[in-house]
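Data file: data.txt. Format and content: compact mmCIF, C-alpha atoms.
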```txt
# COMPACT_ATOMS: atom_id res chain seq x y z
CA MET J 1 -13.29 -20.09 7.95
CA PRO J 2 -10.39 -20.33 10.42
CA GLU J 3 -6.92 -20.80 9.00
CA SER J 4 -5.33 -24.22 9.29
CA ASP J 5 -2.09 -24.61 11.23
CA ASP J 6 -0.20 -25.13 7.97
CA SER J 7 -1.54 -21.92 6.40
CA PRO J 8 1.20 -19.71 4.87
CA ARG J 9 0.02 -16.93 7.20
CA ARG J 10 0.91 -19.11 10.19
CA ALA J 11 4.32 -20.19 8.92
CA LEU J 12 7.14 -19.76 11.44
CA ALA J 13 10.65 -18.63 10.58
CA PRO J 14 13.91 -18.87 12.55
CA ALA J 15 14.81 -15.42 13.85
CA ARG J 16 17.43 -13.70 16.01
CA TYR J 17 16.42 -10.90 18.35
CA VAL J 18 18.65 -7.89 17.58
CA GLY J 19 16.91 -5.28 19.71
CA HIS J 20 18.98 -3.08 21.97
CA GLN J 21 17.50 -4.20 25.27
CA ARG J 22 16.16 -7.24 27.03
CA VAL J 23 12.37 -7.63 26.67
CA LEU J 24 9.70 -9.76 28.29
CA LEU J 25 7.52 -11.69 25.83
CA GLN J 26 3.76 -11.59 26.30
CA ALA J 27 2.26 -14.09 28.70
CA GLY J 28 -0.21 -16.71 27.48
CA ALA J 29 1.62 -17.78 24.33
CA VAL J 30 4.04 -20.63 23.72
CA TYR J 31 7.32 -19.39 22.27
CA ARG J 32 9.54 -21.95 20.56
CA ASN J 33 13.28 -22.45 20.15
CA LEU J 34 14.67 -23.06 16.67
CA ASP J 35 14.29 -26.82 17.15
CA GLY J 36 10.58 -26.40 17.96
CA THR J 37 10.84 -27.07 21.69
CA PRO J 38 9.13 -24.59 24.02
CA ARG J 39 11.35 -21.80 25.39
CA ASP J 40 11.95 -22.06 29.11
CA THR J 41 11.81 -18.29 29.68
CA ARG J 42 9.76 -15.35 28.46
CA TRP J 43 12.82 -13.08 28.62
CA LEU J 44 14.37 -12.28 25.26
CA THR J 45 17.94 -10.99 25.26
CA PRO J 46 19.76 -9.53 22.23
CA GLY J 47 21.17 -12.45 20.27
CA ASP J 48 18.52 -14.97 21.37
CA THR J 49 16.97 -17.08 18.62
CA LEU J 50 13.42 -18.37 18.37
CA LEU J 51 10.68 -19.13 15.86
CA ILE J 52 8.41 -16.19 15.02
CA PRO J 53 5.72 -15.70 12.36
CA ALA J 54 7.45 -15.30 9.00
CA SER J 55 5.25 -12.27 8.27
CA GLU J 56 6.70 -10.51 11.34
CA LEU J 57 10.24 -11.26 10.23
CA TYR J 58 9.94 -10.55 6.49
CA GLY J 59 6.80 -8.40 6.33
CA GLN J 60 3.78 -9.14 4.16
CA THR J 61 1.94 -7.85 1.12
CA TYR J 62 -1.73 -7.10 0.55
CA LEU J 63 -3.80 -5.88 -2.36
CA ALA J 64 -5.91 -2.97 -1.15
CA ASP J 65 -8.59 -0.64 -2.50
CA PRO J 66 -6.70 2.54 -3.49
CA THR J 67 -9.76 4.72 -2.89
CA GLY J 68 -10.12 3.63 0.71
CA LEU J 69 -13.88 3.40 0.19
CA THR J 70 -13.97 -0.28 1.01
CA SER J 71 -12.09 -2.29 3.59
CA ASP J 72 -11.48 -5.07 1.09
CA ALA J 73 -7.94 -6.33 1.21
CA ARG J 74 -6.43 -9.52 -0.12
CA TRP J 75 -3.40 -11.07 1.54
CA LEU J 76 -0.83 -12.02 -1.09
CA GLY J 77 1.95 -13.47 1.01
CA VAL J 78 5.01 -13.10 3.17
CA GLY J 79 7.65 -10.57 2.14
CA VAL J 80 7.27 -8.70 -1.12
CA ALA J 81 4.66 -10.85 -2.88
CA LEU J 82 3.81 -9.68 -6.38
CA LEU J 83 1.24 -10.73 -8.92
CA PRO J 84 2.75 -12.43 -11.99
CA GLN J 85 2.19 -9.34 -14.18
CA HIS J 86 4.45 -7.32 -11.86
CA ALA J 87 7.22 -9.90 -11.45
CA GLY J 88 10.63 -8.29 -11.71
CA GLN J 89 9.40 -4.76 -10.99
CA GLU J 90 10.86 -2.75 -8.14
CA ARG J 91 8.77 -2.39 -5.00
CA ALA J 92 9.29 1.40 -4.98
CA ALA J 93 7.70 1.70 -8.44
CA LEU J 94 4.62 -0.21 -7.30
CA ILE J 95 3.88 1.75 -4.11
CA GLY J 96 0.74 3.83 -4.58
CA ALA J 97 0.34 2.85 -8.24
CA PRO J 98 -3.21 1.62 -8.91
CA PHE J 99 -3.73 -1.19 -11.41
CA LEU J 100 -6.56 -3.33 -12.75
CA HIS J 101 -6.76 -6.94 -11.56
CA GLU J 102 -9.77 -9.26 -11.86
CA GLY J 103 -12.03 -6.39 -12.91
CA ARG J 104 -11.16 -4.16 -9.94
CA VAL J 105 -8.70 -1.41 -9.24
CA TRP J 106 -6.11 -2.37 -6.62
CA GLN J 107 -2.80 -1.19 -5.28
CA TYR J 108 -0.10 -2.98 -3.34
CA GLU J 109 0.14 -2.43 0.39
CA PHE J 110 3.54 -3.50 1.67
CA HIS J 111 3.93 -4.10 5.40
CA ASP J 112 7.50 -4.18 6.65
CA GLY J 113 8.86 -6.84 8.95
CA ARG J 114 10.04 -6.10 12.45
CA GLY J 115 13.35 -4.27 12.70
CA ASP J 116 14.22 -5.89 16.02
CA PHE J 117 14.53 -9.36 14.44
CA GLN J 118 16.64 -10.72 11.60
CA PRO J 119 16.87 -14.17 10.01
CA ALA J 120 18.68 -16.47 12.45
CA ASP J 121 21.29 -17.45 9.86
CA ALA J 122 22.23 -13.83 9.04
CA PRO J 123 25.53 -12.51 10.45
CA TRP J 124 25.05 -10.59 13.66
CA GLU J 125 27.46 -7.83 14.70
CA GLY J 126 26.07 -7.47 18.22
CA ALA J 127 27.18 -10.88 19.49
CA ALA J 128 30.20 -9.57 21.41
CA ALA J 129 28.37 -6.61 22.95
CA ALA J 130 25.07 -8.27 23.88
CA THR J 131 24.46 -8.72 27.57
CA PRO J 132 21.15 -8.61 29.44
CA ASP J 133 20.13 -5.10 30.43
CA ALA J 134 23.46 -3.70 29.24
CA ALA J 135 23.48 -0.12 28.04
CA PRO J 136 26.14 1.18 25.63
CA PRO J 137 28.75 3.53 27.12
CA ALA J 138 27.66 7.16 27.04
CA ASP J 139 30.42 8.11 24.58
CA SER J 140 29.64 5.39 22.02
CA ALA J 141 27.33 5.65 19.04
CA PRO J 142 24.33 3.31 19.03
CA ALA J 143 24.89 0.11 17.07
CA ALA J 144 22.82 -0.12 13.92
CA SER J 145 21.31 -3.55 13.37
CA ALA J 146 20.17 -2.67 9.86
CA PRO J 147 19.53 0.38 7.69
CA ALA J 148 16.26 2.10 8.57
CA ARG J 149 13.65 3.27 6.10
CA LYS J 150 10.23 4.79 6.12
CA ALA J 151 7.26 2.46 6.12
CA ALA J 152 5.71 1.92 2.72
CA THR J 153 2.19 2.16 4.06
CA SER J 154 0.29 4.79 5.97
CA SER J 155 -0.55 2.40 8.80
CA PRO J 156 2.24 0.37 10.39
CA SER J 157 1.46 -3.21 11.22
CA SER J 158 1.29 -3.88 14.92
CA SER J 159 2.76 -6.86 16.64
CA SER J 160 2.03 -8.48 19.94
CA LEU J 161 5.20 -10.55 20.18
CA ALA J 162 7.21 -8.49 22.64
CA SER J 163 6.39 -5.70 25.06
CA SER J 164 9.00 -3.31 23.70
CA PRO J 165 8.84 -0.05 21.72
CA ALA J 166 8.47 -0.46 17.98
CA ALA J 167 11.69 -0.62 16.01
CA SER J 168 12.49 0.56 12.50
CA SER J 169 12.07 -1.71 9.49
CA THR J 170 14.73 -3.20 7.28
CA GLU J 171 15.00 -3.28 3.51
CA GLY J 172 14.97 -6.45 1.45
CA ALA J 173 14.55 -9.01 4.22
CA ALA J 174 12.81 -11.61 2.08
CA PRO J 175 12.99 -12.35 -1.61
CA PRO J 176 9.91 -11.55 -3.71
CA VAL J 177 7.42 -14.40 -3.96
CA SER J 178 4.40 -15.04 -6.12
CA PRO J 179 1.09 -15.81 -4.41
CA GLU J 180 -0.53 -19.18 -4.84
CA GLU J 181 -4.02 -18.84 -6.19
```
The structure given in the file should be rewritten as structure tokens.
Amino acid sequence: MPESDDSPRRALAPARYVGHQRVLLQAGAVYRNLDGTPRDTRWLTPGDTLLIPASELYGQTYLADPTGLTSDARWLGVGVALLPQHAGQERAALIGAPFLHEGRVWQYEFHDGRGDFQPADAPWEGAAAATPDAAPPADSAPAASAPARKAATSSPSSSSLASSPAASSTEGAAPPVSPEE
């Protein structure tokens, strides 16, 4: 059954592009400003804001078969979504730890959000330096938009939002949420 437009998987979130270069968004999609109006350009410049899928901004969580013998996976939600029995536990302690749920063995599969976007209301240090196609001076260190970390899963989630190289993920972008069942 196709997902409805108000499905949690389709939820949009206000985001700021914090990549290090100007990118061209994919053709054929309607990109929206924070107020919901269509963007008038496909070019995205560092500091620009728009609505993107919340799962791309904050990441998403699945329950997966730890044996890899089946392709069964259950989407739990945006960000770090935990079952009630794991509420309050640290994500790091749950990675790769199998557990029994509804008569089956599962493990969490955490997919990180995009590192080239941050919540639109978060402070942004690149505002003064951001210009289209601008490169940092050769003697300056690259600006860090957020601390990098290794992906928590063996397969990174792909995104079709922008035609730019993949960026690193950021820690703790969204608060933990419990899935609605």
Report, as AutoDock Vina command-line options, the axis-aligned box around all atoms of segment 14-24 of chain J present in the file, extended by 5 Å on each side; give centre and edge lengths in Å to one decimal place.
```
--center_x 14.3 --center_y -11.0 --center_z 20.4 --size_x 19.3 --size_y 25.8 --size_z 25.7
```
Compute the distance from (14.3, -20.4, 18.6) to each atom, counting only C-alpha atoms, keep the residues with any atom at most 10 Å away, and return them as JSON, numbers by chain; use the coordinates of the file.
{"J": [13, 14, 15, 16, 17, 31, 32, 33, 34, 35, 36, 37, 38, 39, 48, 49, 50, 51, 52, 120]}
Enter the distance from atom CA of Glu90 of chain J to atom CA of Leu63 of chain J, in Å, rounded to one decimal.
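Atom CA of Glu90 of chain J sits 16.1 Å away from atom CA of Leu63 of chain J.
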Counting all atoms listed in the file, the option among J:Pro8, J:Leu25, J:Gly96, J:Asp121 closest to Gly79 of chain J
J:Pro8
Go ahead and compute the interatomic distance for atom CA of Phe99 of chain J and atom CA of His111 of chain J, in Å to one decimal.
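So the two atoms, atom CA of Phe99 of chain J and atom CA of His111 of chain J, lie 18.7 Å apart.
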By how many Å are atom CA of Arg104 of chain J and atom CA of Leu82 of chain J apart?
16.3 Å
Just want the 7 Å neighbourhood of Asp65 of chain J, counted on only C-alpha atoms, with same-chain residues fewer than 3 positions away dropped. Output as a PyMOL selection string.
chain J and resi 68+70+72-73+105-107
Write out as a ChimeraX atom specification each polymer residue whose atoms come within 9 Å of Gln60 of chain J, counting only C-alpha atoms; drop sequence neighbours fewer than 4 positions from it.
/J:54-56,75-81,109-113
Leaving out Trp43 of chain J and any residue of its chain fewer than 4 positions from it, which residues lie within 8 Å of it when counting all atoms listed in the file, given as a list in words?
Arg22, Val23, Leu24 and Leu25 of chain J
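Of the listed residues (J:Leu94, J:Val18, J:Ala27, J:Leu100), J:Val18 comes nearest to Pro123 of chain J; the distances count all atoms listed in the file.
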